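File shown: final_5.csv. Contents: CSV, C-alpha atoms and all ligand atoms.
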```csv
chain,number,residue,atom,x,y,z
A,1,MET,CA,0.0,0.0,0.0
A,2,GLY,CA,1.3,3.5,-0.9
A,3,LYS,CA,0.9,6.8,0.9
A,4,ASP,CA,-2.7,7.6,1.7
A,5,VAL,CA,-5.0,9.9,3.7
A,6,ILE,CA,-7.1,8.1,6.3
A,7,ILE,CA,-10.2,10.0,7.5
A,8,ALA,CA,-10.9,9.6,11.2
A,9,CYS,CA,-14.6,9.0,11.3
A,10,ASP,CA,-15.1,10.1,14.9
A,11,PHE,CA,-18.9,10.0,14.8
A,12,ALA,CA,-21.3,8.6,17.4
A,13,SER,CA,-23.5,6.6,15.0
A,14,ALA,CA,-23.7,4.7,11.8
A,15,GLU,CA,-26.3,7.2,10.5
A,16,GLN,CA,-23.9,10.2,10.9
A,17,THR,CA,-21.1,8.2,9.4
A,18,PHE,CA,-23.0,7.2,6.3
A,19,ALA,CA,-24.4,10.8,5.9
A,20,PHE,CA,-20.8,12.1,6.0
A,21,LEU,CA,-19.4,9.4,3.6
A,22,ASP,CA,-22.3,9.7,1.1
A,23,ARG,CA,-21.0,13.2,0.3
A,24,PHE,CA,-18.0,11.6,-1.3
A,25,GLY,CA,-20.1,10.0,-4.1
A,26,ALA,CA,-18.2,7.3,-5.9
A,27,ALA,CA,-14.9,8.0,-4.1
A,28,ARG,CA,-14.2,5.6,-1.3
A,29,PRO,CA,-11.7,7.2,1.2
A,30,PHE,CA,-9.7,5.1,3.6
A,31,VAL,CA,-11.4,5.5,6.9
A,32,LYS,CA,-10.5,5.1,10.6
A,33,ILE,CA,-13.1,3.6,13.0
A,34,GLY,CA,-12.4,4.3,16.6
A,35,MET,CA,-13.8,3.0,19.9
A,36,GLU,CA,-16.7,5.4,20.0
A,37,LEU,CA,-18.3,4.3,16.7
A,38,PHE,CA,-17.3,0.6,17.1
A,39,TYR,CA,-18.7,0.3,20.6
A,40,ALA,CA,-21.9,2.1,19.5
A,41,GLU,CA,-22.5,0.1,16.3
A,42,GLY,CA,-20.4,-3.1,16.7
A,43,PRO,CA,-19.0,-5.2,13.9
A,44,ALA,CA,-21.9,-4.3,11.6
A,45,ILE,CA,-20.4,-0.9,10.9
A,46,VAL,CA,-17.2,-2.5,9.7
A,47,ARG,CA,-19.0,-5.0,7.5
A,48,GLU,CA,-21.1,-2.2,5.9
A,49,LEU,CA,-18.2,0.1,5.2
A,50,LYS,CA,-16.3,-2.8,3.7
A,51,ARG,CA,-19.3,-3.7,1.6
A,52,ARG,CA,-19.3,-0.1,0.3
A,53,GLY,CA,-15.7,-0.4,-0.7
A,54,HIS,CA,-13.8,1.5,2.0
A,55,ARG,CA,-10.5,0.4,3.4
A,56,ILE,CA,-10.6,0.4,7.2
A,57,PHE,CA,-8.2,1.2,10.0
A,58,LEU,CA,-9.9,-0.2,13.1
A,59,ASP,CA,-8.4,1.8,15.9
A,60,LEU,CA,-9.3,-0.2,19.1
A,61,LYS,CA,-5.8,-0.2,20.7
A,62,LEU,CA,-5.9,-3.6,22.3
A,63,HIS,CA,-4.0,-4.2,25.5
A,64,ASP,CA,-4.6,-7.4,27.6
A,65,ILE,CA,-2.9,-10.8,28.3
A,66,PRO,CA,-1.4,-12.4,25.2
A,67,ASN,CA,-4.0,-15.2,25.0
A,68,THR,CA,-6.9,-12.7,25.1
A,69,VAL,CA,-5.4,-10.5,22.5
A,70,ARG,CA,-4.6,-13.4,20.2
A,71,LYS,CA,-8.3,-14.5,20.3
A,72,ALA,CA,-9.6,-10.9,19.9
A,73,MET,CA,-7.3,-10.3,16.9
A,74,ALA,CA,-8.6,-13.5,15.3
A,75,VAL,CA,-12.1,-12.0,15.4
A,76,LEU,CA,-11.0,-8.6,14.0
A,77,SER,CA,-9.1,-10.4,11.2
A,78,GLY,CA,-12.4,-12.2,10.3
A,79,LEU,CA,-13.9,-8.7,9.8
A,80,ASP,CA,-11.4,-8.2,7.0
A,81,VAL,CA,-10.1,-4.8,8.2
A,82,ASP,CA,-7.0,-3.4,6.6
A,83,ILE,CA,-5.1,-2.1,9.6
A,84,CYS,CA,-5.6,-2.7,13.3
A,85,ASN,CA,-3.6,-1.7,16.4
A,86,LEU,CA,-2.6,-2.4,20.0
A,87,HIS,CA,-0.5,-0.8,22.7
A,88,ALA,CA,3.2,-1.7,22.5
A,89,SER,CA,3.3,-1.4,26.3
A,90,GLY,CA,1.5,-4.8,26.4
A,91,THR,CA,5.0,-6.4,25.8
A,92,ILE,CA,6.6,-8.1,22.8
A,93,ARG,CA,4.9,-11.4,23.8
A,94,MET,CA,1.5,-9.8,23.6
A,95,MET,CA,2.4,-8.3,20.2
A,96,GLU,CA,3.6,-11.7,18.9
A,97,ALA,CA,0.4,-13.3,20.1
A,98,ALA,CA,-1.6,-10.6,18.3
A,99,LEU,CA,0.1,-11.4,15.0
A,100,GLU,CA,-0.6,-15.1,15.5
A,101,GLY,CA,-4.3,-14.3,16.0
A,102,LEU,CA,-4.5,-12.0,13.0
A,103,THR,CA,-2.9,-14.4,10.6
A,104,ARG,CA,-5.5,-16.3,8.6
A,105,ALA,CA,-5.3,-19.9,7.5
A,106,ASP,CA,-4.1,-18.8,4.0
A,107,GLY,CA,-1.3,-16.7,5.6
A,108,THR,CA,-2.8,-13.3,4.8
A,109,ARG,CA,-3.6,-10.8,7.6
A,110,PRO,CA,-4.4,-7.1,8.2
A,111,LEU,CA,-1.5,-4.8,8.9
A,112,LEU,CA,-0.8,-4.5,12.6
A,113,ILE,CA,0.6,-1.3,14.1
A,114,ALA,CA,1.4,-0.2,17.7
A,115,VAL,CA,0.7,2.8,19.8
A,116,THR,CA,4.0,3.7,21.6
A,117,GLN,CA,3.1,6.4,24.2
A,118,LEU,CA,-0.2,8.2,23.7
A,119,THR,CA,0.3,11.8,22.7
A,120,SER,CA,-1.8,12.7,25.7
A,121,THR,CA,1.0,11.3,27.9
A,122,ASP,CA,3.8,13.8,28.6
A,123,GLN,CA,7.1,13.4,30.4
A,124,ALA,CA,5.6,14.4,33.8
A,125,SER,CA,2.6,12.0,33.7
A,126,MET,CA,4.8,9.2,32.4
A,127,GLU,CA,7.3,9.7,35.3
A,128,ASP,CA,4.7,10.4,38.0
A,129,ASP,CA,1.9,8.0,37.0
A,130,LEU,CA,3.7,5.2,35.1
A,131,TRP,CA,7.1,5.4,36.9
A,132,ILE,CA,9.0,5.4,33.6
A,133,ARG,CA,12.0,7.6,34.1
A,134,GLU,CA,13.6,7.7,30.6
A,135,PRO,CA,13.1,10.7,28.2
A,136,ILE,CA,9.8,10.2,26.4
A,137,ASP,CA,11.3,10.3,22.9
A,138,ARG,CA,13.6,7.4,23.9
A,139,VAL,CA,10.7,5.5,25.3
A,140,VAL,CA,8.7,6.0,22.0
A,141,LEU,CA,11.7,4.7,19.9
A,142,HIS,CA,12.3,1.8,22.3
A,143,TYR,CA,8.6,0.8,22.0
A,144,ALA,CA,8.8,1.2,18.2
A,145,MET,CA,11.8,-1.1,18.1
A,146,ASN,CA,9.9,-3.7,20.3
A,147,ALA,CA,7.1,-3.6,17.8
A,148,ARG,CA,9.5,-4.2,15.0
A,149,LYS,CA,11.1,-7.1,16.9
A,150,ALA,CA,7.7,-8.6,17.4
A,151,GLY,CA,7.2,-8.5,13.6
A,152,LEU,CA,4.6,-5.7,13.5
A,153,ASP,CA,4.3,-3.5,10.4
A,154,GLY,CA,4.6,0.0,12.0
A,155,VAL,CA,3.5,2.4,14.7
A,156,VAL,CA,1.1,5.3,15.2
A,157,CYS,CA,3.2,8.4,16.0
A,158,SER,CA,3.4,12.1,15.6
A,159,PRO,CA,4.7,13.2,12.1
A,160,LEU,CA,7.5,14.9,14.1
A,161,GLU,CA,8.7,11.4,15.1
A,162,ALA,CA,8.3,9.7,11.7
A,163,GLU,CA,11.9,10.3,10.6
A,164,LYS,CA,13.4,9.0,13.8
A,165,VAL,CA,11.2,5.9,13.7
A,166,HIS,CA,12.2,5.2,10.1
A,167,ALA,CA,15.9,5.6,11.0
A,168,ALA,CA,15.6,3.2,14.0
A,169,CYS,CA,13.2,0.6,12.5
A,170,GLY,CA,13.8,0.8,8.7
A,171,ALA,CA,12.2,2.7,5.8
A,172,GLU,CA,9.6,0.1,5.2
A,173,PHE,CA,8.3,0.2,8.8
A,174,LEU,CA,5.1,2.2,8.6
A,175,THR,CA,4.5,5.5,10.3
A,176,VAL,CA,0.8,6.3,10.6
A,177,THR,CA,0.5,9.9,11.8
A,178,PRO,CA,-2.4,11.9,13.3
A,179,GLY,CA,-1.9,15.5,14.4
A,180,VAL,CA,-2.2,16.9,10.9
A,181,ARG,CA,-3.6,20.4,10.3
A,182,PHE,CA,-3.8,22.8,7.3
A,183,ALA,CA,-1.5,25.8,7.7
A,184,ASP,CA,-4.6,28.1,7.7
A,185,GLY,CA,-6.7,25.8,9.9
A,186,ASP,CA,-7.6,25.5,13.6
A,187,ALA,CA,-5.2,23.4,15.6
A,188,GLY,CA,-8.0,22.5,18.2
A,189,ASP,CA,-6.6,20.3,21.0
A,190,GLN,CA,-3.7,19.0,18.9
A,191,LYS,CA,-0.4,20.4,20.0
A,192,ARG,CA,2.4,18.8,18.0
A,193,ILE,CA,1.1,19.3,14.4
A,194,MET,CA,2.3,19.3,10.8
A,195,THR,CA,0.6,20.2,7.6
A,196,PRO,CA,0.0,17.4,5.1
A,197,ALA,CA,2.9,18.6,2.9
A,198,GLN,CA,5.2,18.7,5.9
A,199,ALA,CA,4.1,15.2,6.9
A,200,ARG,CA,4.9,14.0,3.4
A,201,LEU,CA,8.4,15.5,3.7
A,202,ALA,CA,8.9,14.0,7.1
A,203,GLY,CA,8.2,10.6,5.6
A,204,SER,CA,4.8,9.7,7.1
A,205,ASP,CA,3.3,6.7,5.3
A,206,TYR,CA,-0.3,7.5,6.2
A,207,ILE,CA,-1.8,10.6,7.7
A,208,VAL,CA,-4.9,10.3,9.9
A,209,VAL,CA,-7.0,13.4,9.5
A,210,GLY,CA,-10.2,14.0,11.5
A,211,ARG,CA,-11.7,17.5,12.1
A,212,PRO,CA,-9.9,19.3,9.3
A,213,ILE,CA,-12.0,17.2,7.0
A,214,THR,CA,-15.1,16.1,9.1
A,215,ALA,CA,-15.7,19.7,10.4
A,216,ALA,CA,-14.9,21.5,7.1
A,217,GLN,CA,-17.6,23.5,5.3
A,218,ASP,CA,-16.8,21.3,2.3
A,219,PRO,CA,-15.3,18.0,3.5
A,220,VAL,CA,-14.8,16.6,0.0
A,221,SER,CA,-12.6,19.6,-1.0
A,222,ALA,CA,-10.7,19.4,2.3
A,223,TYR,CA,-10.1,15.7,1.7
A,224,GLU,CA,-8.9,16.4,-1.9
A,225,ARG,CA,-6.6,19.1,-0.6
A,226,CYS,CA,-5.1,16.7,1.8
A,227,LEU,CA,-4.6,14.1,-0.9
A,228,ARG,CA,-3.0,16.7,-3.2
A,229,ASP,CA,-0.6,18.0,-0.5
A,230,PHE,CA,0.3,14.6,0.9
A,231,VAL,CA,0.2,12.1,-1.9
A,232,GLY,CA,0.8,14.5,-4.8
A,301,LIG,O1,-9.7,15.5,14.5
A,301,LIG,P1,-8.2,15.1,14.5
A,301,LIG,O2,-7.6,15.3,13.1
A,301,LIG,O3,-7.4,15.7,15.6
A,301,LIG,O4,-8.3,13.5,14.7
A,301,LIG,C1,-7.2,12.7,14.9
A,301,LIG,C2,-7.6,11.3,15.1
A,301,LIG,O5,-6.4,10.6,15.4
A,301,LIG,C3,-8.5,11.1,16.3
A,301,LIG,O6,-9.4,10.0,15.9
A,301,LIG,C4,-7.6,10.8,17.4
A,301,LIG,O7,-8.2,10.0,18.4
A,301,LIG,C5,-6.5,10.0,16.7
A,301,LIG,N1,-5.2,10.0,17.4
A,301,LIG,C6,-4.5,11.2,17.7
A,301,LIG,N2,-3.3,11.1,18.4
A,301,LIG,C7,-2.8,9.9,18.7
A,301,LIG,C8,-3.5,8.7,18.4
A,301,LIG,C9,-4.7,8.8,17.7
A,301,LIG,O8,-5.0,12.3,17.4
A,301,LIG,N3,-1.6,9.8,19.3
```

Produce structure tokens that represent the structure in this file.
Amino acid sequence: MGKDVIIACDFASAEQTFAFLDRFGAARPFVKIGMELFYAEGPAIVRELKRRGHRIFLDLKLHDIPNTVRKAMAVLSGLDVDICNLHASGTIRMMEAALEGLTRADGTRPLLIAVTQLTSTDQASMEDDLWIREPIDRVVLHYAMNARKAGLDGVVCSPLEAEKVHAACGAEFLTVTPGVRFADGDAGDQKRIMTPAQARLAGSDYIVVGRPITAAQDPVSAYERCLRDFVG
């Protein structure tokens, strides 16, 4: 898969999601389904979006004992999603178990990427709450390397980290990066941001874009602008 823009469909219901995606006509953007929508609508929303021809990043961030994650991943694999994810902090053994669960009888599987440290975690909360005393950028790289060791395909990270992750884990190790804003747009609650063009230069493989598209006056033009700036 080449570079692409993934739209974060952070909607509360299937109805709102379909109303939004219907605006795109025959285009079938790559979409991200997160916990809110999945917990509201269940696997049916994934099946329906697949049926309509969308590629899907199912962002459920699994984190549990290896046996539970293996079995849960087997279920997600059966939904035929394109990308799913977990927390690298669940350990290398949990990530290996996840890959086993995802791999179908014919050897195919969805891509699996890891969350390193959430962008809502900062140095102070990591030290005070989690008792991890290393600098956060080293922790992010260490977790990315663990994901690579376990055989995963990449990580979710800030576009500002994409270059370092590629240097440490290899050019083919995927960086899927939220925190993208247009230069003339509203940053909202995102702090460490890049434009789609900057993310492209930084080497991001996929950008995950929510509100700059979903809250735009004209979401289709905003999506097309992202594609032009990021993919070319
Ligand atoms: O609306 P916005 O473009 O900020 O949406 C970004 C999407 O990426 C949201 O679904 C958000 O939950 C997700 N995300 C993020 N930062 C992370 C991981 C996921 O913004 N570190």

Per-residue nearest contacts chain A to ligand LIG 301 (chain A), cut-off 9 Å, using only C-alpha atoms and all ligand atoms, as a Markdown table:
```
| residue | atom | partner | partner_atom | distance |
| --- | --- | --- | --- | --- |
| A:Ile7 | CA | A:LIG301 | C2 | 8.1 |
| A:Ala8 | CA | A:LIG301 | O6 | 4.9 |
| A:Cys9 | CA | A:LIG301 | O6 | 7.0 |
| A:Asp10 | CA | A:LIG301 | O6 | 5.8 |
| A:Lys32 | CA | A:LIG301 | O6 | 7.3 |
| A:Ile33 | CA | A:LIG301 | O6 | 7.9 |
| A:Gly34 | CA | A:LIG301 | O6 | 6.5 |
| A:Asp59 | CA | A:LIG301 | C9 | 8.1 |
| A:Val115 | CA | A:LIG301 | C8 | 7.4 |
| A:Thr116 | CA | A:LIG301 | N3 | 8.6 |
| A:Gln117 | CA | A:LIG301 | N3 | 7.6 |
| A:Leu118 | CA | A:LIG301 | N3 | 4.9 |
| A:Thr119 | CA | A:LIG301 | N3 | 4.4 |
| A:Ser120 | CA | A:LIG301 | N3 | 7.0 |
| A:Val156 | CA | A:LIG301 | C8 | 6.6 |
| A:Cys157 | CA | A:LIG301 | N3 | 6.0 |
| A:Ser158 | CA | A:LIG301 | N3 | 6.6 |
| A:Thr177 | CA | A:LIG301 | C7 | 7.6 |
| A:Pro178 | CA | A:LIG301 | O5 | 4.7 |
| A:Gly179 | CA | A:LIG301 | O8 | 5.4 |
| A:Val180 | CA | A:LIG301 | O2 | 6.0 |
| A:Arg181 | CA | A:LIG301 | O2 | 7.1 |
| A:Ala187 | CA | A:LIG301 | O3 | 8.0 |
| A:Gly188 | CA | A:LIG301 | O3 | 7.3 |
| A:Asp189 | CA | A:LIG301 | O3 | 7.1 |
| A:Gln190 | CA | A:LIG301 | O3 | 6.0 |
| A:Ile207 | CA | A:LIG301 | O5 | 9.0 |
| A:Val208 | CA | A:LIG301 | O5 | 5.7 |
| A:Val209 | CA | A:LIG301 | O2 | 4.1 |
| A:Gly210 | CA | A:LIG301 | O2 | 3.3 |
| A:Arg211 | CA | A:LIG301 | O1 | 3.7 |
| A:Pro212 | CA | A:LIG301 | O2 | 6.0 |
| A:Ile213 | CA | A:LIG301 | O2 | 7.8 |
| A:Thr214 | CA | A:LIG301 | O1 | 7.7 |
| A:Ala215 | CA | A:LIG301 | O1 | 8.4 |
```

Residue with smallest distance to A:Ser77 - pool A:Ala162, A:Gly101, A:Arg55, A:Gly90, counting all atoms listed in the file: A:Gly101

Selected residue of minimal separation from A:Leu76 among A:Met35, A:Val46, A:Ala199, A:Leu227, counting only C-alpha atoms: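 That would be A:Val46, the residue with the smallest distance to A:Leu76.
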
Distance in Å - atom CA of A:Cys84 versus atom CA of A:Ala150: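 Taking atom CA of A:Cys84 and atom CA of A:Ala150, their separation equals 15.1 Å.
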
Atom CA of A:Gly53 to atom CA of A:Arg28, distance in Å rounded to a single decimal: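 Distance reported for this atom pair: 6.2 Å.
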
Long-range neighbours of A:Leu130 as a ChimeraX atom specification, 12 Å cut-off, only C-alpha atoms, 6 positions minimum in chain: /A:89,117,121-124,136

Å distance separating atom CA of A:His87 from atom CA of A:Pro135, one decimal place: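 Result for atom CA of A:His87 versus atom CA of A:Pro135: 18.6 Å, one decimal.
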
Minimum-distance residue to A:Phe38, chosen among A:Leu174, A:Ser13, A:Arg51, A:Asp22 (using only C-alpha atoms):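 Counting only C-alpha atoms, the residue closest to A:Phe38 is A:Ser13.
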
Among listed residues A:Glu134, A:Glu127, A:Glu41, A:Asp153, nearest A:Glu96 (using only C-alpha atoms): A:Asp153

Polymer residues at most 10 Å from A:Val220, only C-alpha atoms, same-chain spacing of 2 or more positions, as a list in words: Phe20, Leu21, Arg23, Phe24, Gly25, Ala27, Pro29, Ile213, Thr214, Ala216, Gln217, Asp218, Ala222, Tyr223, Glu224, Arg225 and Cys226 of chain A

Which residue of A:Asp184, A:Glu172, A:Asp137, A:Asp106 approaches A:Gly203 most closely, using all atoms listed in the file: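 Smallest distance to A:Gly203 is found for A:Glu172.
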